[in-house]
Amino acid sequence: MQKLKVFGPKRLKGQIKISGSKNASLPILAATLLSSNKLYLNNLPKVKDIETMINLLKSLGSKIKFEKDKLLIDNSKQKKIFASYNLVKTMRAGILVLGGLLAKFGNAKVSLPGGCAIGTRPIDIHLKALSKLGVKYRISQGYVHASAPKGLVGSKIRFSKISVGATENLIIAASLAKGVTILKNCAVEPEIKDLVKFLNKTGCNLKWISKRSIKIRGVESIKDTIYSVMFDRIEAGTYLIAAAITGGNLKIKNIDPNIINTEINILKKIGAKLIVKKNEINITGNKKVKSVNIKTAPYPGFPTDLQAQMMVLLCKANKKSFIQENIFENRFMHVAELNRMGAQISIKGNKAIIDGNINFASAELMATDLRASVSLILAALTAKGKSIINRIYHLDRGYEDIEKKLKKVGAKIKRFK
Ligand code: UD1
């Protein structure tokens, strides 16, 4: 099993080019199932989760290959409707093929994603909403068996809770449903806006009618197109925090800063200096980090996917800070590992109380999920001496070329077996 060695402390300095967004690519890849022809996608990040989704689509009969940096998806022979446990178990986003298969064939058998380290992560909201489009389903032996005997029919649906995945699944399904669907209380993460842009480019008819409502007029089929996926805002946020925590100076390139205003404002409050331009941010970390209190929330609130990284930064603050995790019930697993490095973080329910003025000590560590792994790297970058991070396969699910990018800006980091 691969591990990472990180030698600290290091000030990061230089430029980092941000990759395409994993969380935008996954639903867009799932939505390609709506096509019976060819689609090209650009700017997909080379990470494990994307490889898994491509394998899932191939198992459903899509012919997929890279042509230079573009991914060509040819669905002229795509006919299968069975998404196996082996592929869906490793990545919850596998459930996103359900909407596309139902829209195209009126039938699907898709494995339940099951639990995961950061919480139980049910799909009840997806299923309840799909049933309003005419889907009948039963769950048996770990699979959702779903069918729409009369085809999908548009409807008015209000999600009981904001869910990124459920919003995406329904947007995909409703795009080929008969008539008009109105979805209310949608998640409005930038990745969802990107999915909508992609679908509209294929000739679908989707329109935001208020802040959290979208109107979808179903079309019969979708057209061939070429689409370039948006930048990864979580990767960008992670490297912005890396600059702040190491007192370094980084130019974060290939981004749209308007999309990460919440993160920019918090980093400014903490004392980092940011120069924001059209497609890049120059950030300089300040030796003094000011404490802030943070609550994770659906977009445009502070993203849960940056909570672990921000917690590491707050360990360096001048006094106590608080983080309230409002999205997932069990997303503080990095805390035990950070405390082993000398952090003083205590947990009360969904709140973390973070003492400031911490000097991390190097240690051997265990990564528990994608964002927790990267938070350990951030802490290790500031700790004196050698840290070893185990189970980094989590990291490879979502960060393209992380060692290469960090090395280029001065980190001493090495992968070994
Ligand atoms: C997506 C992101 C993930 C991010 C999360 C929240 C992808 C591939 N993943 O995950 O990185 O952390 O949004 O921004 O884009 N829930 C239910 N029932 C459901 C669906 C969700 O109870 O049917 C709950 C979940 O357990 C969780 C909350 O709703 O507590 C939010 O989940 P959701 O927004 O659906 O997250 P994902 O789409 O899984």
# chains A, B, ... in the order shown; residues from 1 in each chain; ligands from 1

call {"tool": "residues_near_ligand", "arguments": {"ligand": "ligand 1", "cutoff": "7 Å", "atoms": "only C-alpha atoms and all ligand atoms", "output": "list of chain:residue names"}}
result
A:Asn23, A:Ala24, A:Leu26, A:Arg92, A:Ala93, A:Gly119, A:Thr120, A:Arg121, A:Pro122, A:Ile123, A:Asp124, A:Ile125, A:His126, A:Lys161, A:Ile162, A:Ser163, A:Val164, A:Gly165, A:Ala166, A:Pro298, A:Pro303, A:Thr304, A:Asp305, A:Ile327, A:Phe328, A:Glu329

call {"tool": "write_last_selection", "arguments": {"atoms": "N, CA and C atoms", "output": "mmCIF file, in the first residue's frame"}}
result
data_model
loop_
_atom_site.group_PDB
_atom_site.id
_atom_site.type_symbol
_atom_site.label_atom_id
_atom_site.label_comp_id
_atom_site.auth_asym_id
_atom_site.auth_seq_id
_atom_site.Cartn_x
_atom_site.Cartn_y
_atom_site.Cartn_z
ATOM 1 N N ASN A 23 -15.918 16.898 -8.894
ATOM 2 C CA ASN A 23 -17.354 16.830 -8.571
ATOM 3 C C ASN A 23 -18.262 17.401 -9.655
ATOM 4 N N ALA A 24 -17.683 18.119 -10.619
ATOM 5 C CA ALA A 24 -18.478 18.511 -11.795
ATOM 6 C C ALA A 24 -18.376 17.419 -12.853
ATOM 7 N N LEU A 26 -18.041 14.176 -12.502
ATOM 8 C CA LEU A 26 -18.785 12.937 -12.219
ATOM 9 C C LEU A 26 -20.239 13.003 -12.694
ATOM 10 N N ARG A 92 -19.578 6.815 -4.128
ATOM 11 C CA ARG A 92 -20.999 7.069 -3.973
ATOM 12 C C ARG A 92 -21.628 7.706 -5.213
ATOM 13 N N ALA A 93 -20.836 8.485 -5.952
ATOM 14 C CA ALA A 93 -21.390 9.180 -7.122
ATOM 15 C C ALA A 93 -21.859 8.200 -8.197
ATOM 16 N N GLY A 119 -20.225 9.215 6.972
ATOM 17 C CA GLY A 119 -21.638 9.196 7.380
ATOM 18 C C GLY A 119 -22.399 8.102 6.651
ATOM 19 N N THR A 120 -23.667 7.943 6.986
ATOM 20 C CA THR A 120 -24.436 6.848 6.392
ATOM 21 C C THR A 120 -24.800 7.115 4.930
ATOM 22 N N ARG A 121 -24.995 8.350 4.576
ATOM 23 C CA ARG A 121 -25.235 8.782 3.195
ATOM 24 C C ARG A 121 -26.316 7.981 2.457
ATOM 25 N N PRO A 122 -27.552 8.106 2.899
ATOM 26 C CA PRO A 122 -28.652 7.413 2.229
ATOM 27 C C PRO A 122 -28.987 8.039 0.876
ATOM 28 N N ILE A 123 -29.913 7.381 0.112
ATOM 29 C CA ILE A 123 -30.341 7.965 -1.171
ATOM 30 C C ILE A 123 -31.864 8.137 -1.214
ATOM 31 N N ASP A 124 -32.454 8.229 -0.014
ATOM 32 C CA ASP A 124 -33.918 8.350 0.057
ATOM 33 C C ASP A 124 -34.446 9.567 -0.714
ATOM 34 N N ILE A 125 -33.707 10.665 -0.697
ATOM 35 C CA ILE A 125 -34.197 11.889 -1.365
ATOM 36 C C ILE A 125 -34.200 11.684 -2.890
ATOM 37 N N HIS A 126 -33.171 10.990 -3.396
ATOM 38 C CA HIS A 126 -33.118 10.679 -4.845
ATOM 39 C C HIS A 126 -34.363 9.845 -5.214
ATOM 40 N N LYS A 161 -34.815 18.251 1.613
ATOM 41 C CA LYS A 161 -33.538 18.726 2.149
ATOM 42 C C LYS A 161 -32.625 19.007 0.958
ATOM 43 N N ILE A 162 -31.728 19.951 1.119
ATOM 44 C CA ILE A 162 -30.835 20.254 -0.008
ATOM 45 C C ILE A 162 -29.813 19.131 -0.172
ATOM 46 N N SER A 163 -29.806 18.502 -1.335
ATOM 47 C CA SER A 163 -28.843 17.428 -1.607
ATOM 48 C C SER A 163 -28.226 17.630 -2.990
ATOM 49 N N VAL A 164 -26.912 17.630 -3.033
ATOM 50 C CA VAL A 164 -26.196 17.813 -4.299
ATOM 51 C C VAL A 164 -26.516 16.648 -5.239
ATOM 52 N N GLY A 165 -26.317 15.425 -4.750
ATOM 53 C CA GLY A 165 -26.502 14.249 -5.603
ATOM 54 C C GLY A 165 -27.940 14.101 -6.082
ATOM 55 N N ALA A 166 -28.914 14.315 -5.189
ATOM 56 C CA ALA A 166 -30.317 14.152 -5.581
ATOM 57 C C ALA A 166 -30.693 15.205 -6.631
ATOM 58 N N PRO A 298 -24.617 24.335 2.657
ATOM 59 C CA PRO A 298 -24.711 24.217 1.203
ATOM 60 C C PRO A 298 -24.241 25.516 0.553
ATOM 61 N N PRO A 303 -17.831 25.313 2.223
ATOM 62 C CA PRO A 303 -17.970 23.905 1.818
ATOM 63 C C PRO A 303 -17.445 22.903 2.859
ATOM 64 N N THR A 304 -18.229 21.884 3.100
ATOM 65 C CA THR A 304 -17.791 20.806 3.991
ATOM 66 C C THR A 304 -16.503 20.163 3.475
ATOM 67 N N ASP A 305 -16.301 20.183 2.159
ATOM 68 C CA ASP A 305 -15.100 19.563 1.588
ATOM 69 C C ASP A 305 -13.818 20.350 1.874
ATOM 70 N N ILE A 327 -23.194 19.408 7.413
ATOM 71 C CA ILE A 327 -23.596 18.588 6.260
ATOM 72 C C ILE A 327 -23.505 17.092 6.568
ATOM 73 N N PHE A 328 -22.374 16.640 7.089
ATOM 74 C CA PHE A 328 -22.208 15.203 7.366
ATOM 75 C C PHE A 328 -22.059 14.954 8.863
ATOM 76 N N GLU A 329 -22.607 13.818 9.312
ATOM 77 C CA GLU A 329 -22.667 13.589 10.761
ATOM 78 C C GLU A 329 -21.347 13.117 11.364
#

call {"tool": "residues_around", "arguments": {"residues": "segment 128-137 of chain A", "least_positions_apart": "4", "cutoff": "8 Å", "atoms": "only C-alpha atoms", "output": "JSON, numbers by chain"}}
result
{"A": [99, 124, 144, 145, 146, 147, 148, 149, 150, 151, 152, 153, 154, 155, 156, 157, 159, 166, 170, 173, 174, 177]}

call {"tool": "closest_atom_pairs", "arguments": {"of": "segment 182-266 of chain A", "to": "segment 67-82 of chain A", "cutoff": "12 Å", "atoms": "only C-alpha atoms", "output": "Markdown table"}}
result
| residue | atom | partner | partner_atom | distance |
| --- | --- | --- | --- | --- |
| A:Ile222 | CA | A:Asn75 | CA | 11.5 |
| A:Lys223 | CA | A:Asn75 | CA | 11.8 |
| A:Asp224 | CA | A:Asp74 | CA | 9.7 |
| A:Thr225 | CA | A:Leu72 | CA | 10.3 |
| A:Ile226 | CA | A:Lys70 | CA | 8.9 |
| A:Tyr227 | CA | A:Lys70 | CA | 9.4 |
| A:Ser228 | CA | A:Lys70 | CA | 9.0 |
| A:Val229 | CA | A:Lys70 | CA | 10.9 |

call {"tool": "select_by_dssp", "arguments": {"residues": "segment 130-245 of chain A", "states": "helix (DSSP H, G or I)", "output": "JSON, numbers by chain"}}
result
{"A": [130, 131, 132, 164, 165, 166, 167, 168, 169, 170, 171, 172, 173, 174, 190, 191, 192, 193, 194, 195, 196, 197, 198, 199, 200, 201, 233, 234, 235, 236, 237, 238, 239, 240, 241, 242, 243, 244, 245]}

call {"tool": "write_last_selection", "arguments": {"atoms": "C-alpha atoms", "output": "CSV table (one decimal), in the first residue's frame"}}
result
chain,number,residue,atom,x,y,z
A,130,LEU,CA,-37.7,10.0,-8.9
A,131,SER,CA,-40.9,8.3,-7.9
A,132,LYS,CA,-42.7,11.7,-8.6
A,164,VAL,CA,-26.2,17.8,-4.3
A,165,GLY,CA,-26.5,14.2,-5.6
A,166,ALA,CA,-30.3,14.2,-5.6
A,167,THR,CA,-30.5,17.5,-7.4
A,168,GLU,CA,-28.1,16.1,-10.1
A,169,ASN,CA,-29.9,12.8,-10.5
A,170,LEU,CA,-33.2,14.5,-11.0
A,171,ILE,CA,-31.8,17.2,-13.4
A,172,ILE,CA,-30.4,14.4,-15.5
A,173,ALA,CA,-33.6,12.3,-15.4
A,174,ALA,CA,-36.0,15.2,-16.1
A,190,PRO,CA,-21.2,25.5,-9.0
A,191,GLU,CA,-20.8,21.9,-10.1
A,192,ILE,CA,-24.6,21.7,-10.6
A,193,LYS,CA,-24.6,24.9,-12.6
A,194,ASP,CA,-21.9,23.3,-14.7
A,195,LEU,CA,-24.0,20.2,-15.3
A,196,VAL,CA,-26.9,22.4,-16.4
A,197,LYS,CA,-24.6,24.3,-18.8
A,198,PHE,CA,-23.4,21.0,-20.2
A,199,LEU,CA,-27.0,19.7,-20.7
A,200,ASN,CA,-28.1,23.0,-22.3
A,201,LYS,CA,-25.2,22.7,-24.7
A,233,ARG,CA,-12.9,24.8,-6.4
A,234,ILE,CA,-12.0,22.4,-3.6
A,235,GLU,CA,-8.5,21.8,-5.0
A,236,ALA,CA,-8.1,25.6,-5.4
A,237,GLY,CA,-9.3,26.2,-1.8
A,238,THR,CA,-6.9,23.5,-0.5
A,239,TYR,CA,-3.8,25.2,-2.1
A,240,LEU,CA,-5.0,28.6,-0.9
A,241,ILE,CA,-5.0,27.2,2.6
A,242,ALA,CA,-1.6,25.6,2.0
A,243,ALA,CA,-0.1,29.0,1.2
A,244,ALA,CA,-1.8,30.6,4.2
A,245,ILE,CA,-0.6,27.8,6.6

call {"tool": "select_by_dssp", "arguments": {"residues": "segment 100-315 of chain A", "states": "strand (DSSP E)", "output": "PyMOL selection string"}}
result
chain A and resi 107-111+136-140+143-147+156-158+180-184+205-210+213-217+225-228+249-253+273-276+280-284+293-295

call {"tool": "residues_around", "arguments": {"residues": "Lys408 of chain A", "least_positions_apart": "4", "cutoff": "12 Å", "atoms": "only C-alpha atoms", "output": "list of chain:residue names"}}
result
A:Arg11, A:Leu12, A:Lys13, A:Gly14, A:Gln15, A:Ile16, A:Lys17, A:Leu250, A:Asp401, A:Ile402, A:Glu403, A:Lys404, A:Lys412, A:Ile413

call {"tool": "closest_residue", "arguments": {"among": "A:Arg158, A:Lys38, A:Lys89, A:Leu127", "to": "Gly142 of chain A", "atoms": "only C-alpha atoms"}}
result
A:Lys89

call {"tool": "closest_residue", "arguments": {"among": "A:Phe416, A:Phe66, A:Phe105, A:Trp208", "to": "Leu34 of chain A", "atoms": "only C-alpha atoms"}}
result
A:Phe105

call {"tool": "residues_around", "arguments": {"residues": "Gln309 of chain A", "least_positions_apart": "2", "cutoff": "8 Å", "atoms": "only C-alpha atoms", "output": "JSON, numbers by chain"}}
result
{"A": [238, 241, 306, 307, 311, 312, 313, 371, 372, 374, 375, 378]}

call {"tool": "residues_around", "arguments": {"residues": "segment 354-364 of chain A", "least_positions_apart": "6", "cutoff": "8 Å", "atoms": "only C-alpha atoms", "output": "PyMOL selection string"}}
result
chain A and resi 291+311+314-323+340-346+379-380+382-390

call {"tool": "closest_residue", "arguments": {"among": "A:Arg138, A:Lys251, A:Lys268, A:Lys295", "to": "Ile281 of chain A", "atoms": "only C-alpha atoms"}}
result
A:Lys251

call {"tool": "closest_residue", "arguments": {"among": "A:Met230, A:Ile264, A:Leu183, A:Leu41", "to": "Lys215 of chain A", "atoms": "only C-alpha atoms"}}
result
A:Leu183

call {"tool": "atom_distance", "arguments": {"atom1": "atom CA of Thr32 of chain A", "atom2": "atom CA of Pro257 of chain A"}}
result
28.0 Å

call {"tool": "atom_distance", "arguments": {"atom1": "atom CA of Cys186 of chain A", "atom2": "atom CA of Lys207 of chain A"}}
result
12.7 Å

call {"tool": "atom_distance", "arguments": {"atom1": "atom CA of Leu44 of chain A", "atom2": "atom CA of Pro300 of chain A"}}
result
23.5 Å
